[in-house]
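Right, one structure below, let's go through it.
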Amino acid sequence: MKWIYDLSLNELKNEIKALGLRDFMVVQVFQWIYQKNCRDIKLWSNISKYNRELFIKKYNITLNRLINKEEDREGTKKFLIELEDKNKIESVLIKEKNYYTFCISSQVGCAIKCAFCATGKMGFIRNLSSGEILSQILILKKEIDDYKGKINIVFMGMGEPLLNYENLKKALSIITSEKGAKIPSNNITVSTAGVLKYIKQIEMDFPNIKISFSLNASDNKAREQLMPISKMENLSDILDHFKNHKRKHRITFEYVLIKNINDSIEDAKKVSQLLRGILCKINLIPYNENTNIDFKTPSKKNIEAFKEYLCLNGYTVVLRWSKGKDIKSACGQLATQTKDI
Ligand code: SAH
């Protein structure tokens, strides 16, 4: 039996002809599963009982299994999801004032191994399929069933989305399609440690999707210490690209502020010079501490001073205190395999 979430609209259309079903039925099925989030086929009222039963014999429509849910005081919820092969991933539902944010994983573990991140400590296990990416969104959507307002999707969960580009692309096509989940591209952010080839690719394939680049250091040398990917993907090449490539949305630079590592005014000065000429926004994220990782959150005073310096130099700066820290669901705290983190 094939898992429906791994199939694109066209793949499914091509397949169901062999069952003697009309391809229009695929559009109806997509509406039931991606828009109405309904997997009770008895309710698929615009499809005949005979066709529904024929279809369900061939295709598995069950989502991945939700095995645990934790909620913090502010309503941030962390979902532990078990995949078919028993690997586990986490997704986070964040309640904001006027909308919800879904923080979605793209891989089991992560190959990038940033020194400060809990997911990096798990190592890389495997890429998620497009269906496993979509399944997270549908599980989180189920949680807010009657809600009809704005949903933002951020690929800031476990993994490096641009190192799983083909599956990410397939999932994004269904997420944004009018026939799929109908979530506008403008509401989607892909966060990357920086893989230039795929930054260019996603800008071509989805020009309206927002890109966040995890900068986290004030020069390439310091960045190499924190983010080994910087040894392969040169920071100045990436920044040159951001400077020269015209895009719909400003680039967001994420900068995790870590005590005595990258939080000095000297660092702020260097960041300010580094990003000069790039139309951007800077998100400062005070470090979320992890047991077994030695980094600390800077003092409020230093964080404010860092922010102030960049603001005074003309940058748009958002200080983002992560939500969900008490359930370990904040940025860089997701890990499902290493017990002691
Ligand atoms: N691999 C992607 C997406 C996952 S991490 C990326 O690197 O962008 C999402 C964001 O959380 C990144 O900006 C990352 O730098 C940040 N982050 C990682 N660990 C963190 C921690 N312990 N505290 C705060 N932010 C962290």
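By order of appearance in the structure tokens: chains A, B, ..., then residues from 1 within every chain, and ligands from 1 in the order shown.
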Could I get the residue neighbourhood of ligand 1 at 9 Å, counting only C-alpha atoms and all ligand atoms, as number ranges by chain?
-> A: 105-106, 110, 112, 114-120, 154-163, 190-194, 212-216, 227, 253-258, 283-290, 293, 295, 297, 321-322, 330-334
Nearby residues (only C-alpha atoms) at most 8 Å from Asn37 of chain A, same-chain spacing under 6 positions excluded, as a PyMOL selection string = chain A and resi 138+141-142
Export C-alpha atoms of the chosen residues as a compact mmCIF listing (two decimals), in the first residue's frame?
# COMPACT_ATOMS: atom_id res chain seq x y z
CA LEU A 138 -1.67 18.03 9.39
CA LYS A 141 -3.55 21.58 12.21
CA LYS A 142 -5.75 18.94 13.82
Might you pull out every residue within 10 Å of Ser129 of chain A, with only C-alpha atoms counted and same-chain residues fewer than 5 positions away left off, and present them as a list of chain:residue names?
->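 The residues satisfying every condition are A:Tyr5, A:Asp6, A:Ser106, A:Gln107, A:Leu134, A:Ser135, A:Asn164, A:Glu166, A:Asn167, A:Leu168, A:Lys170, A:Ala171.
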Might you pull out every residue within 9 Å of Lys78 of chain A, with only C-alpha atoms counted and same-chain residues fewer than 4 positions away left off, and present them as a list in words?
->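 The residues that qualify are Asn68, Lys69, Glu70, Glu71, Asp72, Glu90, Ser91, Val92, Leu93, Ile94, Gly324, Ile327, Lys328 and Ser329 of chain A.
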Just the selected residues (C-alpha atoms), exported as a tab-separated table (two decimals), in the first residue's frame, please.
chain	number	residue	atom	x	y	z
A	68	ASN	CA	3.47	12.63	23.12
A	69	LYS	CA	2.33	16.20	23.52
A	70	GLU	CA	3.60	18.70	26.07
A	71	GLU	CA	2.27	22.17	26.70
A	72	ASP	CA	3.88	25.09	28.49
A	90	GLU	CA	9.49	16.87	17.09
A	91	SER	CA	7.29	19.70	15.83
A	92	VAL	CA	6.19	22.76	17.77
A	93	LEU	CA	2.91	24.68	17.73
A	94	ILE	CA	3.31	28.26	18.92
A	324	GLY	CA	8.51	26.89	25.01
A	327	ILE	CA	9.25	22.06	27.68
A	328	LYS	CA	12.53	22.13	25.73
A	329	SER	CA	10.83	23.13	22.53
Find the spatial neighbours of Leu21 of chain A, counting only C-alpha atoms, within a cut-off of 9 Å - ignore same-chain residues fewer than 4 positions away - and output them as JSON, numbers by chain.
-> {"A": [16, 17, 25, 51, 54, 55]}
Within 12 Å of Lys36 of chain A, counting only C-alpha atoms, which residues show up once you throw out same-chain ones fewer than 2 positions away? Write them as number ranges by chain, please.
-> A: 28-34, 38-41, 43-44, 138, 141-142, 145-148, 179-182
Strand (DSSP E) call set, DSSP backbone run, segment 28-87 of chain A, as number ranges by chain | A: 59-60, 65-71, 77-82
Write out, as a CSV table (one decimal), in the first residue's frame, the residues just selected, with all heavy atoms.
chain,number,residue,atom,x,y,z
A,59,TYR,N,-4.4,2.9,-1.0
A,59,TYR,CA,-3.7,4.0,-0.4
A,59,TYR,C,-3.9,4.1,1.1
A,59,TYR,O,-5.0,4.0,1.6
A,59,TYR,CB,-4.0,5.3,-1.1
A,59,TYR,CG,-3.6,5.3,-2.6
A,59,TYR,CD1,-4.6,5.0,-3.5
A,59,TYR,CD2,-2.3,5.4,-3.0
A,59,TYR,CE1,-4.3,5.0,-4.9
A,59,TYR,CE2,-2.0,5.3,-4.3
A,59,TYR,CZ,-3.0,5.1,-5.2
A,59,TYR,OH,-2.6,5.0,-6.6
A,60,ASN,N,-2.8,4.2,1.8
A,60,ASN,CA,-2.8,4.4,3.2
A,60,ASN,C,-2.9,5.9,3.5
A,60,ASN,O,-2.1,6.7,3.0
A,60,ASN,CB,-1.5,3.8,3.8
A,60,ASN,CG,-1.3,4.1,5.2
A,60,ASN,OD1,-2.2,4.7,5.9
A,60,ASN,ND2,-0.2,3.8,5.8
A,65,ARG,N,2.3,8.7,13.7
A,65,ARG,CA,1.7,8.5,15.0
A,65,ARG,C,2.2,9.6,16.0
A,65,ARG,O,3.4,9.8,16.2
A,65,ARG,CB,2.0,7.1,15.6
A,65,ARG,CG,1.1,6.6,16.7
A,65,ARG,CD,1.2,5.1,16.8
A,65,ARG,NE,2.4,4.7,17.4
A,65,ARG,CZ,2.5,4.6,18.7
A,65,ARG,NH1,1.5,4.7,19.5
A,65,ARG,NH2,3.7,4.2,19.2
A,66,LEU,N,1.2,10.3,16.6
A,66,LEU,CA,1.6,11.3,17.6
A,66,LEU,C,1.8,10.5,18.9
A,66,LEU,O,0.8,9.9,19.4
A,66,LEU,CB,0.5,12.3,17.8
A,66,LEU,CG,0.6,13.3,18.9
A,66,LEU,CD1,1.8,14.2,18.7
A,66,LEU,CD2,-0.7,14.2,19.0
A,67,ILE,N,3.0,10.5,19.5
A,67,ILE,CA,3.1,9.7,20.7
A,67,ILE,C,3.2,10.5,22.0
A,67,ILE,O,3.1,10.0,23.1
A,67,ILE,CB,4.3,8.7,20.6
A,67,ILE,CG1,5.6,9.4,20.3
A,67,ILE,CG2,4.0,7.6,19.7
A,67,ILE,CD1,6.8,8.4,20.3
A,68,ASN,N,3.5,11.8,21.9
A,68,ASN,CA,3.5,12.6,23.1
A,68,ASN,C,3.2,14.1,22.8
A,68,ASN,O,3.6,14.6,21.7
A,68,ASN,CB,4.8,12.5,23.9
A,68,ASN,CG,4.7,13.0,25.3
A,68,ASN,OD1,3.6,13.0,25.9
A,68,ASN,ND2,5.8,13.4,25.9
A,69,LYS,N,2.6,14.8,23.7
A,69,LYS,CA,2.3,16.2,23.5
A,69,LYS,C,2.6,16.9,24.8
A,69,LYS,O,2.1,16.4,25.9
A,69,LYS,CB,0.9,16.3,23.1
A,69,LYS,CG,0.5,17.7,22.5
A,69,LYS,CD,-0.8,17.6,21.8
A,69,LYS,CE,-2.0,17.5,22.8
A,69,LYS,NZ,-3.3,17.3,22.1
A,70,GLU,N,3.4,17.9,24.8
A,70,GLU,CA,3.6,18.7,26.1
A,70,GLU,C,3.2,20.1,25.8
A,70,GLU,O,3.4,20.7,24.7
A,70,GLU,CB,5.1,18.7,26.4
A,70,GLU,CG,5.6,17.4,27.0
A,70,GLU,CD,7.1,17.5,27.2
A,70,GLU,OE1,7.5,18.0,28.2
A,70,GLU,OE2,7.8,17.0,26.3
A,71,GLU,N,2.7,20.8,26.9
A,71,GLU,CA,2.3,22.2,26.7
A,71,GLU,C,2.9,23.0,27.8
A,71,GLU,O,3.0,22.6,28.9
A,71,GLU,CB,0.7,22.2,26.8
A,71,GLU,CG,0.2,23.7,26.6
A,71,GLU,CD,-1.3,23.7,26.4
A,71,GLU,OE1,-1.9,22.7,26.5
A,71,GLU,OE2,-1.8,24.8,26.3
A,77,LYS,N,3.1,24.2,22.3
A,77,LYS,CA,2.9,22.8,22.4
A,77,LYS,C,4.0,22.1,21.6
A,77,LYS,O,4.2,22.4,20.5
A,77,LYS,CB,1.6,22.3,21.9
A,77,LYS,CG,0.4,22.8,22.8
A,77,LYS,CD,-0.9,22.3,22.3
A,77,LYS,CE,-2.0,22.9,23.1
A,77,LYS,NZ,-3.3,22.6,22.6
A,78,LYS,N,4.6,21.1,22.2
A,78,LYS,CA,5.6,20.3,21.5
A,78,LYS,C,5.1,18.9,21.2
A,78,LYS,O,4.5,18.2,22.1
A,78,LYS,CB,6.9,20.2,22.4
A,78,LYS,CG,8.0,19.4,21.7
A,78,LYS,CD,9.3,19.6,22.4
A,78,LYS,CE,9.4,18.7,23.6
A,78,LYS,NZ,10.8,18.6,24.1
A,79,PHE,N,5.2,18.5,20.0
A,79,PHE,CA,4.6,17.2,19.6
A,79,PHE,C,5.8,16.2,19.3
A,79,PHE,O,6.7,16.5,18.5
A,79,PHE,CB,3.8,17.4,18.3
A,79,PHE,CG,2.6,18.2,18.5
A,79,PHE,CD1,2.7,19.6,18.6
A,79,PHE,CD2,1.3,17.6,18.4
A,79,PHE,CE1,1.5,20.4,18.8
A,79,PHE,CE2,0.2,18.4,18.6
A,79,PHE,CZ,0.3,19.8,18.8
A,80,LEU,N,5.7,15.0,19.9
A,80,LEU,CA,6.7,14.0,19.5
A,80,LEU,C,6.0,13.0,18.6
A,80,LEU,O,4.9,12.4,18.9
A,80,LEU,CB,7.1,13.3,20.8
A,80,LEU,CG,8.1,12.2,20.6
A,80,LEU,CD1,9.5,12.7,20.1
A,80,LEU,CD2,8.4,11.5,22.0
A,81,ILE,N,6.6,12.8,17.4
A,81,ILE,CA,5.9,12.1,16.4
A,81,ILE,C,6.8,10.9,16.0
A,81,ILE,O,8.0,11.0,15.8
A,81,ILE,CB,5.6,13.0,15.1
A,81,ILE,CG1,4.6,14.1,15.5
A,81,ILE,CG2,5.1,12.1,13.9
A,81,ILE,CD1,4.5,15.2,14.5
A,82,GLU,N,6.1,9.7,15.9
A,82,GLU,CA,6.9,8.5,15.6
A,82,GLU,C,6.7,8.2,14.1
A,82,GLU,O,5.6,8.2,13.6
A,82,GLU,CB,6.4,7.3,16.4
A,82,GLU,CG,7.3,6.1,16.2
A,82,GLU,CD,6.8,4.9,17.1
A,82,GLU,OE1,5.7,4.4,16.8
A,82,GLU,OE2,7.5,4.6,18.0
If you run DSSP on this backbone, which residues of segment 39-171 of chain A come out as alpha helix (DSSP H), and could you give them as JSON, numbers by chain?
-> {"A": [49, 50, 51, 52, 53, 54, 55, 56, 57, 58, 118, 119, 120, 121, 122, 130, 131, 132, 133, 134, 135, 136, 137, 138, 139, 140, 141, 142, 143, 165, 166, 167, 168, 169, 170, 171]}
